[in-house]
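Remarks on the structure that follows.
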Protein chains: 2
Amino acid sequence: MLTQSAVAQSLQSHHPIAITLNRRPDTYQSVPSAGVPLTFGRNAEVYAEGEAAGYVYKVVSGVVRVSKLLPDGRRQISAFHLPGEMFGFEADEFHHASAEAVVAAKVMAYKWDGALGMERQPASFLRELLHLTVLGLRHTQDHLLLLGRKNALERLAAFLLEMDARNGSKHVLDLAMPRHDIADYLGLTLETVSRMFAELKDMGMIKLESARRVHVLDVAKLQAMSA
Amino acid sequence: MLTQSAVAQSLQSHHPIAITLNRRPDTYQSVPSAGVPLTFGRNAEVYAEGEAAGYVYKVVSGVVRVSKLLPDGRRQISAFHLPGEMFGFEADEFHHASAEAVVAAKVMAYKWDGALGMERQPASFLRELLHLTVLGLRHTQDHLLLLGRKNALERLAAFLLEMDARNGSKHVLDLAMPRHDIADYLGLTLETVSRMFAELKDMGMIKLESARRVHVLDVAKLQAMSA
DNA sequence: CGGGATATTGACTCTTATCAATGCCCGTGG
DNA sequence: CCACGGGCATTGATAAGAGTCAATATCCCG
């Protein structure tokens with residue numbers, strides 16, 4: 001596990017950093033500083049729990065997972081971040097979770113000096129960030145309900161619906177993450193996740209083209225089942 | 001379950017509202033509008049899930065729980081709010097969780113017209129609110145780890161430590177909430193919570209003066225156990 | 001002092017975890 | 001091009017932890 005941030009590494013040692021000033025239009029117009037583009041391979045660490053938090057991040061491509069570990073290795077993934085989403089905000093100067101690429105990912109890093117930096121941000125950016133953070137809080141509270149009160153089948157149904165909705169409700173999903181990551185997101189073991197996939201398949205609610213490629217056949221029934 | 005907010009009720013129908021302009025110094029100096037003081041009896045609803053969100057709230061006395069329900073009645077409490085804490089921020093115009101008084105509580109309500117209202121807030125208030133929200137997000141993520149990955153004993157140990165820390169680490173706790181609420185916070189049943197209290201007692205880590213009054217005898221061991 | 005809500009404890013069940021074997025897919029190298 | 005190997009996934013048998021149902025017990029509050 002790295003103690004130095006990936007950004008710091010890039011800045012200090014590795015490849016020359018391209019500060020791309022004329023990249024594609026940003027969803028988050030008011031991010032005030034130019035971003036640093038970073039690339040991560042599968043399972044590469046964006047930042048680690050406990051590390052100093054000097055940046056906020058936005059996914060350009062790929063998928064990033066944010067997770068926390070217990071000392072004995074048990075892991076809980078709190079979110080998967082897809083392209084366009086920001087992550088890495090902290091209330092103080094340290095990251096209290098870690099972030100890794102699920103698959104090869106491109107990420108923009110924006111300088112963010114914690115509370116200090118916040119002093120100098122324009123109100124428009126603060127509003128945007130507050131909005132994003134409140135949305136994140138809502139997602140996390142929904143996930144509390146899932147982890148605290150839903151059974152394994154309900155959890156997987158909710159997961160597939162969430163992923164489908166975030167992917168444009170095409171009802172055909174290419175899951176970027178392995179069963180183990182799904183399990184750590186849903187508070188289950190990978191075996192149970194696998195069994196629940198089989199069960200949803202047997203019920204005719206999904207079709208598994210392969211382990212990662214899922215067809216959602218009956219959204220309504222899945223929704224009824226996820227609650 | 002009420003469909004009208006408690007604030008609206010107060011404003012529109014019930015007792016005359018005292019707009020107290022010279023109350024005790026606020027922790028949150030930059031809340032821009034004068035607050036409306038409200039009183040709630042045990043289990044009274046501050047707001048309901050789905051209701052329009054026109055206010056943010058601060059606990060003055062008592063304890064407030066924020067929770068979400070599944071259609072069949074399963075409940076997950078995402079937080080208990082103690083005096084001084086704010087709650088009720090939303091990203092849009094609706095509450096996506098409900099809030100009730102655990103015991104008789106006094107609460108200040110501050111007008112907050114969602115995104116619209118946010119436009120007019122000073123940056124200082126936005127910063128404060130962002131900070132509070134990020135702190136809330138951190139707490140919720142910690143709670144995800146608890147619900148997704150900790151066993152019953154670990155959950156109760158963590159709960160008692162959290163409550164003790166928030167109560168000034170006096171190692172003597174007066175729990176405001178019944179076993180059922182603790183269970184719904186920890187994702188357990190009230191029977192399991194009761195058994196885990198007994199187990200911690202048998203291990204000599206706590207003393208139960210009564211069901212609600214708990215002495216924390218060995219903080220270090222409890223901490224080791226909660227992780 | 002009595003009564004209702006809250007809490008504890010016990011017996012048993014059920015869901016999910018654990019441990020283990022097998023299967024599948026994909027990329028690599030012969 | 002095919003075979004091999006390694007990661008990933010599925011499936012099975014069994015165990016463990018928490019849930020459920022039920023019977024007291026205790027504590028407030030009037």
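All residue names refer to the structure tokens as shown: chains lettered A, B, ... in order, residues numbered from 1 in each chain, ligands numbered from 1 in order.
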Go through chain A residue by residue and, counting only C-alpha atoms (C1' of nucleotides), keep those with an atom at most 10 Å from chain C; for each kept residue give the shortest atom pair and its distance in Å to one decimal, ordered by chain and increasing number, as JSON lines.
{"residue": "A:Asn151", "atom": "CA", "partner": "C:DT15", "partner_atom": "C1'", "distance": 8.5}
{"residue": "A:Ala152", "atom": "CA", "partner": "C:DT16", "partner_atom": "C1'", "distance": 8.2}
{"residue": "A:Leu188", "atom": "CA", "partner": "C:DT16", "partner_atom": "C1'", "distance": 8.1}
{"residue": "A:Thr189", "atom": "CA", "partner": "C:DA17", "partner_atom": "C1'", "distance": 7.3}
{"residue": "A:Glu191", "atom": "CA", "partner": "C:DA17", "partner_atom": "C1'", "distance": 8.9}
{"residue": "A:Thr192", "atom": "CA", "partner": "C:DT16", "partner_atom": "C1'", "distance": 7.3}
{"residue": "A:Ser210", "atom": "CA", "partner": "C:DC25", "partner_atom": "C1'", "distance": 9.4}
{"residue": "A:Ala211", "atom": "CA", "partner": "C:DC25", "partner_atom": "C1'", "distance": 9.8}
Selection from above, C-alpha atoms, as a PDB file, in the first residue's frame, can you write it?
ATOM      1  CA  ASN A 151     -31.553  -9.973   2.183  1.00  0.00           C
ATOM      2  CA  ALA A 152     -29.074 -11.283  -0.351  1.00  0.00           C
ATOM      3  CA  LEU A 188     -22.026 -10.525   1.140  1.00  0.00           C
ATOM      4  CA  THR A 189     -19.530 -13.197   0.122  1.00  0.00           C
ATOM      5  CA  GLU A 191     -20.309 -17.275  -3.291  1.00  0.00           C
ATOM      6  CA  THR A 192     -23.594 -15.814  -2.128  1.00  0.00           C
ATOM      7  CA  SER A 210     -21.296 -14.263 -19.468  1.00  0.00           C
ATOM      8  CA  ALA A 211     -20.450 -13.620 -15.825  1.00  0.00           C
TER       9      ALA A 211
END
Counting only C-alpha atoms (C1' of nucleotides), which residues from chain D have an atom at most 9 Å from any atom of chain A, and could you show them as a PyMOL selection string? chain D and resi 8-11
Restricted to C-alpha atoms (C1' of nucleotides), what would the selected residues look like written as a PDB file, in the first residue's frame?
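The file below, again-v2.pdb, is the result:
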ATOM      1  C1'  DC D   8     -12.533 -15.940 -11.900  1.00  0.00           C
ATOM      2  C1'  DA D   9     -16.948 -18.095 -11.227  1.00  0.00           C
ATOM      3  C1'  DT D  10     -20.120 -21.760 -10.055  1.00  0.00           C
ATOM      4  C1'  DT D  11     -21.843 -25.330  -7.243  1.00  0.00           C
TER       5       DT D  11
END
Could you find all residues in stretch 29-155 of chain B that DSSP calls alpha helix (DSSP H) from the backbone, and write them as a VMD selection string? chain B and resid 114 to 119 123 to 149 152 to 155
Residue selection dump (C-alpha atoms) as an mmCIF file, in the first residue's frame:
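Wrote part-v8.cif, looks like this:
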data_model
loop_
_atom_site.group_PDB
_atom_site.id
_atom_site.type_symbol
_atom_site.label_atom_id
_atom_site.label_comp_id
_atom_site.auth_asym_id
_atom_site.auth_seq_id
_atom_site.Cartn_x
_atom_site.Cartn_y
_atom_site.Cartn_z
ATOM 1 C CA GLY B 114 -33.312 23.819 -1.341
ATOM 2 C CA ALA B 115 -31.233 24.693 -4.402
ATOM 3 C CA LEU B 116 -33.058 27.960 -4.813
ATOM 4 C CA GLY B 117 -32.297 29.036 -1.288
ATOM 5 C CA MET B 118 -28.722 27.955 -1.705
ATOM 6 C CA GLU B 119 -28.209 30.576 -4.422
ATOM 7 C CA ALA B 123 -20.061 31.546 0.995
ATOM 8 C CA SER B 124 -19.268 31.235 4.689
ATOM 9 C CA PHE B 125 -22.510 29.372 5.279
ATOM 10 C CA LEU B 126 -21.968 27.172 2.237
ATOM 11 C CA ARG B 127 -18.535 26.262 3.499
ATOM 12 C CA GLU B 128 -19.907 25.391 6.905
ATOM 13 C CA LEU B 129 -22.682 23.321 5.447
ATOM 14 C CA LEU B 130 -20.290 21.572 3.078
ATOM 15 C CA HIS B 131 -18.032 20.757 5.991
ATOM 16 C CA LEU B 132 -20.937 19.377 8.004
ATOM 17 C CA THR B 133 -22.164 17.350 5.053
ATOM 18 C CA VAL B 134 -18.745 15.859 4.372
ATOM 19 C CA LEU B 135 -18.542 14.936 8.054
ATOM 20 C CA GLY B 136 -21.960 13.315 7.766
ATOM 21 C CA LEU B 137 -20.780 11.427 4.705
ATOM 22 C CA ARG B 138 -17.771 10.142 6.612
ATOM 23 C CA HIS B 139 -19.918 8.965 9.474
ATOM 24 C CA THR B 140 -22.255 7.219 7.081
ATOM 25 C CA GLN B 141 -19.372 5.490 5.299
ATOM 26 C CA ASP B 142 -18.038 4.264 8.620
ATOM 27 C CA HIS B 143 -21.486 2.962 9.322
ATOM 28 C CA LEU B 144 -21.536 1.128 5.988
ATOM 29 C CA LEU B 145 -18.464 -0.768 7.117
ATOM 30 C CA LEU B 146 -20.191 -1.612 10.372
ATOM 31 C CA LEU B 147 -23.379 -2.827 8.686
ATOM 32 C CA GLY B 148 -21.681 -4.641 5.851
ATOM 33 C CA ARG B 149 -18.842 -6.330 7.649
ATOM 34 C CA ALA B 152 -23.224 -8.290 16.303
ATOM 35 C CA LEU B 153 -20.759 -7.936 19.169
ATOM 36 C CA GLU B 154 -18.487 -5.634 17.190
ATOM 37 C CA ARG B 155 -21.475 -3.504 16.226
#
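With distances restricted to only C-alpha atoms, B:Ala91 is the closest residue to chain A from B:Leu38, B:Val63, B:Met108, B:Ala91.
Distance check against chain B using only C-alpha atoms: of A:Glu51, A:Glu209, A:Asp184, A:Asp164, the minimum falls on A:Asp184.
Of the residues listed (A:Arg212, A:His96, A:Lys201, A:Lys170), A:His96 shows the shortest atom-to-atom separation from chain B; distances use only C-alpha atoms.
One finds atom CA of B:Tyr110 at 8.4 Å from atom CA of B:Gly54.
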May I ask for the distance between atom CA of A:Arg74 and atom CA of B:Ser169, given in Å to one decimal place? 27.8 Å
With only C-alpha atoms (C1' of nucleotides) as the counted atoms, please give the residues lying no more than 10 Å from B:Glu85, apart from itself and same-chain residues fewer than 4 positions off, as a tab-separated table (two decimals) with N, CA and C atoms, in the first residue's frame.
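So selection-v9.tsv came out as:
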chain	number	residue	atom	x	y	z
B	27	THR	N	-23.74	27.66	17.68
B	27	THR	CA	-22.51	27.07	17.17
B	27	THR	C	-22.35	27.46	15.70
B	28	TYR	N	-23.48	27.56	15.02
B	28	TYR	CA	-23.46	27.83	13.59
B	28	TYR	C	-23.82	29.28	13.35
B	57	TYR	N	-32.52	21.75	10.19
B	57	TYR	CA	-32.83	21.71	11.61
B	57	TYR	C	-31.57	21.60	12.45
B	58	LYS	N	-31.68	22.12	13.67
B	58	LYS	CA	-30.59	21.92	14.63
B	58	LYS	C	-31.19	21.47	15.95
B	59	VAL	N	-30.63	20.44	16.51
B	59	VAL	CA	-31.11	19.93	17.79
B	59	VAL	C	-30.66	20.87	18.91
B	60	VAL	N	-31.59	21.29	19.74
B	60	VAL	CA	-31.26	22.11	20.90
B	60	VAL	C	-31.17	21.21	22.14
B	61	SER	N	-32.16	20.36	22.31
B	61	SER	CA	-32.11	19.39	23.41
B	61	SER	C	-32.83	18.13	22.96
B	63	VAL	N	-32.93	14.06	21.58
B	63	VAL	CA	-32.26	13.27	20.55
B	63	VAL	C	-33.23	13.03	19.40
B	64	VAL	N	-32.71	13.14	18.18
B	64	VAL	CA	-33.52	12.91	16.98
B	64	VAL	C	-32.92	11.76	16.19
B	80	PHE	N	-28.33	9.12	14.86
B	80	PHE	CA	-28.96	9.77	16.00
B	80	PHE	C	-28.33	11.15	16.12
B	81	HIS	N	-29.15	12.19	16.24
B	81	HIS	CA	-28.59	13.53	16.35
B	81	HIS	C	-28.76	14.09	17.75
B	107	VAL	N	-35.97	21.65	18.89
B	107	VAL	CA	-35.26	21.73	17.62
B	107	VAL	C	-35.48	23.12	17.02
B	132	LEU	N	-20.04	20.24	7.23
B	132	LEU	CA	-20.94	19.38	8.00
B	132	LEU	C	-21.38	18.17	7.18
Write out as a PDB file with C-alpha atoms, in the first residue's frame each polymer residue whose atoms come within 8 Å of A:Val216, counting only C-alpha atoms (C1' of nucleotides); drop sequence neighbours fewer than 4 positions from it.
ATOM      1  CA  LEU A 160     -28.334  -4.584 -10.914  1.00  0.00           C
ATOM      2  CA  HIS A 171     -31.049  -3.285 -19.771  1.00  0.00           C
ATOM      3  CA  VAL A 172     -27.775  -4.758 -20.974  1.00  0.00           C
ATOM      4  CA  LEU A 173     -24.978  -4.421 -18.484  1.00  0.00           C
ATOM      5  CA  MET A 205     -35.440 -11.964 -14.349  1.00  0.00           C
ATOM      6  CA  ILE A 206     -31.982 -11.766 -15.874  1.00  0.00           C
ATOM      7  CA  LYS A 207     -29.959 -13.543 -18.551  1.00  0.00           C
TER       8      LYS A 207
END
